[in-house]
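The file data.txt contains compact mmCIF, C-alpha atoms:
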```txt
# COMPACT_ATOMS: atom_id res chain seq x y z
CA MET Q 1 88.26 39.81 24.56
CA MET Q 2 84.48 39.72 24.55
CA ILE Q 3 84.53 36.44 26.51
CA ASP Q 4 86.85 37.94 29.15
CA LEU Q 5 84.52 40.90 29.56
CA ARG Q 6 81.52 38.58 29.96
CA LYS Q 7 83.40 36.45 32.49
CA GLY Q 8 84.37 39.59 34.41
CA ILE Q 9 80.81 40.87 34.53
CA PHE Q 10 79.57 37.40 35.52
CA VAL Q 11 82.14 37.04 38.31
CA GLY Q 12 81.36 40.58 39.54
CA LEU Q 13 77.62 39.94 39.49
CA LEU Q 14 78.06 36.59 41.25
CA THR Q 15 80.19 38.23 43.95
CA PHE Q 16 77.61 40.98 44.41
CA VAL Q 17 74.77 38.46 44.77
CA ILE Q 18 76.68 36.30 47.25
CA ILE Q 19 77.73 39.23 49.41
CA GLY Q 20 74.43 41.09 49.06
CA CYS Q 21 72.24 38.11 49.88
CA SER Q 22 74.07 36.83 52.90
CA ASP Q 23 72.23 36.99 56.22
CA LEU Q 24 72.62 40.23 58.12
CA GLU Q 25 74.21 40.01 61.50
CA PRO Q 26 72.14 41.54 64.28
CA GLN Q 27 73.45 44.78 65.69
CA VAL Q 28 73.94 44.84 69.45
CA ILE Q 29 73.17 48.19 71.02
CA ASP Q 30 73.77 49.04 74.66
CA ILE Q 31 70.38 50.62 75.39
CA GLU Q 32 71.26 51.48 78.97
CA GLY Q 33 74.43 53.23 77.81
CA ALA Q 34 72.58 55.08 75.04
CA THR Q 35 69.84 56.30 77.39
CA ASN Q 36 72.41 57.35 80.00
CA ASN Q 37 74.22 59.36 77.32
CA ALA Q 38 70.90 61.00 76.44
CA GLY Q 39 70.35 61.91 80.10
CA LEU Q 40 67.34 59.63 80.60
CA ALA Q 41 66.69 57.84 83.87
CA SER Q 42 65.35 54.27 83.71
CA ASP Q 43 61.82 55.41 84.64
CA GLU Q 44 61.75 57.96 81.79
CA TYR Q 45 61.70 55.45 78.92
CA GLU Q 46 60.40 52.03 77.88
CA VAL Q 47 62.00 49.50 75.54
CA ASN Q 48 59.44 48.00 73.16
CA ASP Q 49 59.48 44.34 72.00
CA ASN Q 50 61.13 45.33 68.72
CA GLY Q 51 63.96 47.09 70.58
CA SER Q 52 62.82 50.64 69.94
CA ILE Q 53 62.91 53.14 72.79
CA LYS Q 54 59.80 55.08 73.77
CA VAL Q 55 60.52 58.18 75.85
CA LYS Q 56 57.75 58.94 78.35
CA ALA Q 57 56.35 62.47 78.42
CA PRO Q 58 56.79 64.35 81.68
CA GLU Q 59 53.68 64.30 83.81
CA GLU Q 60 52.90 67.99 84.16
CA PRO Q 61 49.52 69.68 84.50
CA ALA Q 62 48.32 71.12 81.19
CA ALA Q 63 48.47 74.64 82.64
CA VAL Q 64 52.20 74.28 83.32
CA ALA Q 65 52.85 72.88 79.85
CA THR Q 66 50.85 75.64 78.12
CA ASN Q 67 51.91 78.43 80.49
CA GLN Q 68 48.26 79.09 81.34
CA PRO Q 69 46.86 79.48 84.86
CA LEU Q 70 44.94 76.68 86.53
CA ALA Q 71 41.56 78.38 86.01
CA VAL Q 72 41.52 77.49 82.29
CA GLN Q 73 41.62 73.75 83.12
CA GLY Q 74 38.40 73.62 85.08
CA ASP Q 75 35.14 72.37 83.64
CA ASN Q 76 33.53 75.75 84.36
CA TRP Q 77 35.99 77.77 82.26
CA LYS Q 78 33.54 78.02 79.36
CA TYR Q 79 30.96 79.53 81.74
CA VAL Q 80 33.57 81.94 83.13
CA ILE Q 81 34.19 83.08 79.53
CA SER Q 82 30.42 83.46 79.01
CA ASN Q 83 30.34 85.61 82.16
CA ALA Q 84 33.12 87.77 80.66
CA LEU Q 85 31.19 88.21 77.40
CA MET Q 86 28.08 89.12 79.38
CA ILE Q 87 30.05 91.79 81.31
CA ALA Q 88 31.58 93.13 78.07
CA ASP Q 89 28.21 93.25 76.36
CA ALA Q 90 26.58 95.03 79.33
CA HIS Q 91 29.40 97.62 79.20
CA ALA Q 92 28.82 98.07 75.46
CA VAL Q 93 25.05 98.47 75.87
CA ALA Q 94 25.58 101.17 78.49
CA ASN Q 95 28.37 103.04 76.66
CA ASN Q 96 28.38 102.19 72.94
CA PRO Q 97 25.60 99.89 71.67
CA SER Q 98 27.40 99.49 68.33
CA ALA Q 99 30.03 97.29 69.98
CA ILE Q 100 29.14 93.60 69.93
CA TYR Q 101 30.73 90.69 71.82
CA LEU Q 102 29.49 87.36 70.49
CA PRO Q 103 31.27 84.06 71.22
CA GLN Q 104 31.08 82.81 67.63
CA ASN Q 105 32.77 85.93 66.18
CA SER Q 106 35.30 86.54 68.96
CA ASP Q 107 38.97 85.84 69.41
CA ILE Q 108 39.31 85.31 73.17
CA ASN Q 109 42.67 85.05 74.95
CA LEU Q 110 43.84 85.05 78.55
CA ILE Q 111 47.18 86.83 78.48
CA ARG Q 112 49.75 87.43 81.19
CA GLN Q 113 50.79 91.08 81.16
CA VAL Q 114 54.53 91.72 81.00
CA GLY Q 115 54.30 95.47 81.54
CA GLY Q 116 51.97 98.35 82.20
CA GLN Q 117 49.39 98.96 84.89
CA TYR Q 118 48.51 95.26 85.28
CA GLU Q 119 52.03 93.85 85.04
CA GLY Q 120 52.21 90.20 86.16
CA GLU Q 121 48.41 89.74 86.06
CA HIS Q 122 46.35 87.75 83.57
CA LEU Q 123 43.85 89.78 81.55
CA LEU Q 124 41.23 88.48 79.17
CA THR Q 125 41.12 90.11 75.74
CA VAL Q 126 38.15 89.75 73.42
CA VAL Q 127 38.32 90.92 69.81
CA ASN Q 128 35.08 90.66 67.87
CA ASP Q 129 35.08 91.23 64.11
CA ASN Q 130 31.54 91.99 62.99
CA LYS Q 131 31.85 92.43 59.21
CA GLY Q 132 34.75 94.85 59.53
CA ASP Q 133 33.57 96.62 62.67
CA ILE Q 134 36.01 95.69 65.42
CA SER Q 135 34.95 95.55 69.06
CA TYR Q 136 37.76 95.11 71.60
CA VAL Q 137 37.54 94.65 75.34
CA GLN Q 138 40.09 93.86 78.01
CA LEU Q 139 38.81 92.38 81.26
CA ARG Q 140 40.50 91.89 84.61
CA PRO Q 141 39.48 88.81 86.63
CA LEU Q 142 37.86 89.35 90.03
CA PHE Q 143 38.89 85.82 91.03
CA ASP Q 144 42.15 83.96 91.48
CA VAL Q 145 43.17 82.60 88.07
CA ASN Q 146 45.65 80.27 89.82
CA GLU Q 147 42.76 78.20 91.18
CA SER Q 148 40.47 75.95 89.18
CA SER Q 149 37.39 77.56 87.64
CA ASP Q 150 35.44 74.69 89.20
CA LEU Q 151 35.63 76.63 92.49
CA LEU Q 152 33.54 79.44 90.94
CA GLU Q 153 30.35 77.39 90.73
CA GLU Q 154 28.47 79.43 93.35
CA GLN Q 155 29.36 82.78 91.75
CA LEU Q 156 28.31 81.47 88.35
CA ASP Q 157 24.98 80.23 89.73
CA ASN Q 158 24.34 83.65 91.31
CA GLU Q 159 25.40 85.43 88.08
CA THR Q 160 28.03 87.33 90.07
CA PRO Q 161 30.30 89.40 87.82
CA LEU Q 162 33.67 87.66 87.67
CA TRP Q 163 35.37 90.34 85.56
CA GLU Q 164 35.79 94.09 85.36
CA VAL Q 165 36.24 96.00 82.12
CA THR Q 166 39.58 97.83 81.98
CA VAL Q 167 39.51 98.91 78.31
CA ALA Q 168 36.75 98.85 75.70
CA LYS Q 169 37.05 100.07 72.11
CA TYR Q 170 34.89 100.12 69.02
CA ASN Q 171 36.76 100.59 65.72
CA GLY Q 172 39.77 101.90 67.67
CA LYS Q 173 37.86 104.50 69.71
CA GLU Q 174 37.72 103.94 73.45
CA PHE Q 175 34.33 104.07 75.14
```
Write the structure described by the file as structure tokens, please.
Amino acid sequence: MMIDLRKGIFVGLLTFVIIGCSDLEPQVIDIEGATNNAGLASDEYEVNDNGSIKVKAPEEPAAVATNQPLAVQGDNWKYVISNALMIADAHAVANNPSAIYLPQNSDINLIRQVGGQYEGEHLLTVVNDNKGDISYVQLRPLFDVNESSDLLEEQLDNETPLWEVTVAKYNGKEF
């Protein structure tokens, strides 16, 4: 009985090795059919040497992909933001010197308004946390945000205000 069990295990192991070690047959995949089923046109993908498919990203401007206006893409955008901080700081100095707007402490966002007085427009919000004292300002652009900020070079050189303050608060109190 013990010999039969050993023979059975040996035969089973031998069968497993023979089947498991045989060469794999290559799989044939209809790449054109697979990409058509996925809704990809031939110019929207590449087939690599190893047979993998690389889908190409759509070529859209970054502003379209991020839902941001064209102005944020220009090389001068950082100077346009500096202009906004300068306007906010000047407003604070004139109305509440305790409010501070510094680039290193600020959370700055250009946000499209979905309601209210400026519905459909982009407004810049700046929130500055200065050790628990919160300064907030909302600015409205005096330029077309749907054009590159690179077109604002002359206004930046002349230190022309590019923003107007619509709301300013210090620790929740408007000023």
Using Å and a single decimal, report how far CA of Trp163 (chain Q) sits from CA of Pro141 (chain Q).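 Atom-to-atom, CA of Pro141 (chain Q) and CA of Trp163 (chain Q) are spaced 4.5 Å apart.
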In Å, rounded to a single decimal, give me how far CA of Asp150 (chain Q) is from CA of Val72 (chain Q). 9.6 Å
Using all atoms listed in the file, determine which residues lie at most 7 Å from Ile108 (chain Q), disregarding the query and same-chain residues fewer than 3 positions distant; provide the list as a VMD selection string. chain Q and resid 125 to 127
For region 109-113 of chain Q, what centre and edge lengths in Å (one decimal) does the axis-aligned box get once 4 Å is added on each side of all its listed atoms, as JSON?
```
{"center_x": 46.7, "center_y": 88.1, "center_z": 78.1, "size_x": 16.1, "size_y": 14.0, "size_z": 14.2}
```
Show me, as a short mmCIF file (atom, residue, chain, number, x, y, z; two decimals) with C-alpha atoms, in the coordinates of the input, the residues that have an atom within 9 Å of Ile111 (chain Q) when counting all atoms listed in the file, minus same-chain residues fewer than 3 positions from it.
```cif
data_model
loop_
_atom_site.label_atom_id
_atom_site.label_comp_id
_atom_site.auth_asym_id
_atom_site.auth_seq_id
_atom_site.Cartn_x
_atom_site.Cartn_y
_atom_site.Cartn_z
CA GLN Q 68 48.26 79.09 81.34
CA GLU Q 121 48.41 89.74 86.06
CA HIS Q 122 46.35 87.75 83.57
CA LEU Q 123 43.85 89.78 81.55
CA LEU Q 124 41.23 88.48 79.17
CA THR Q 125 41.12 90.11 75.74
#
```
Of the candidates Q:Glu159, Q:Glu174, Q:Glu153, Q:Glu32, which shows the shortest atom-to-atom distance to Trp77 (chain Q), using all atoms listed in the file? Q:Glu153
If you measure from CA of Gln104 (chain Q) to CA of Met86 (chain Q), what distance in Å do you get, rounded to one decimal? 13.7 Å
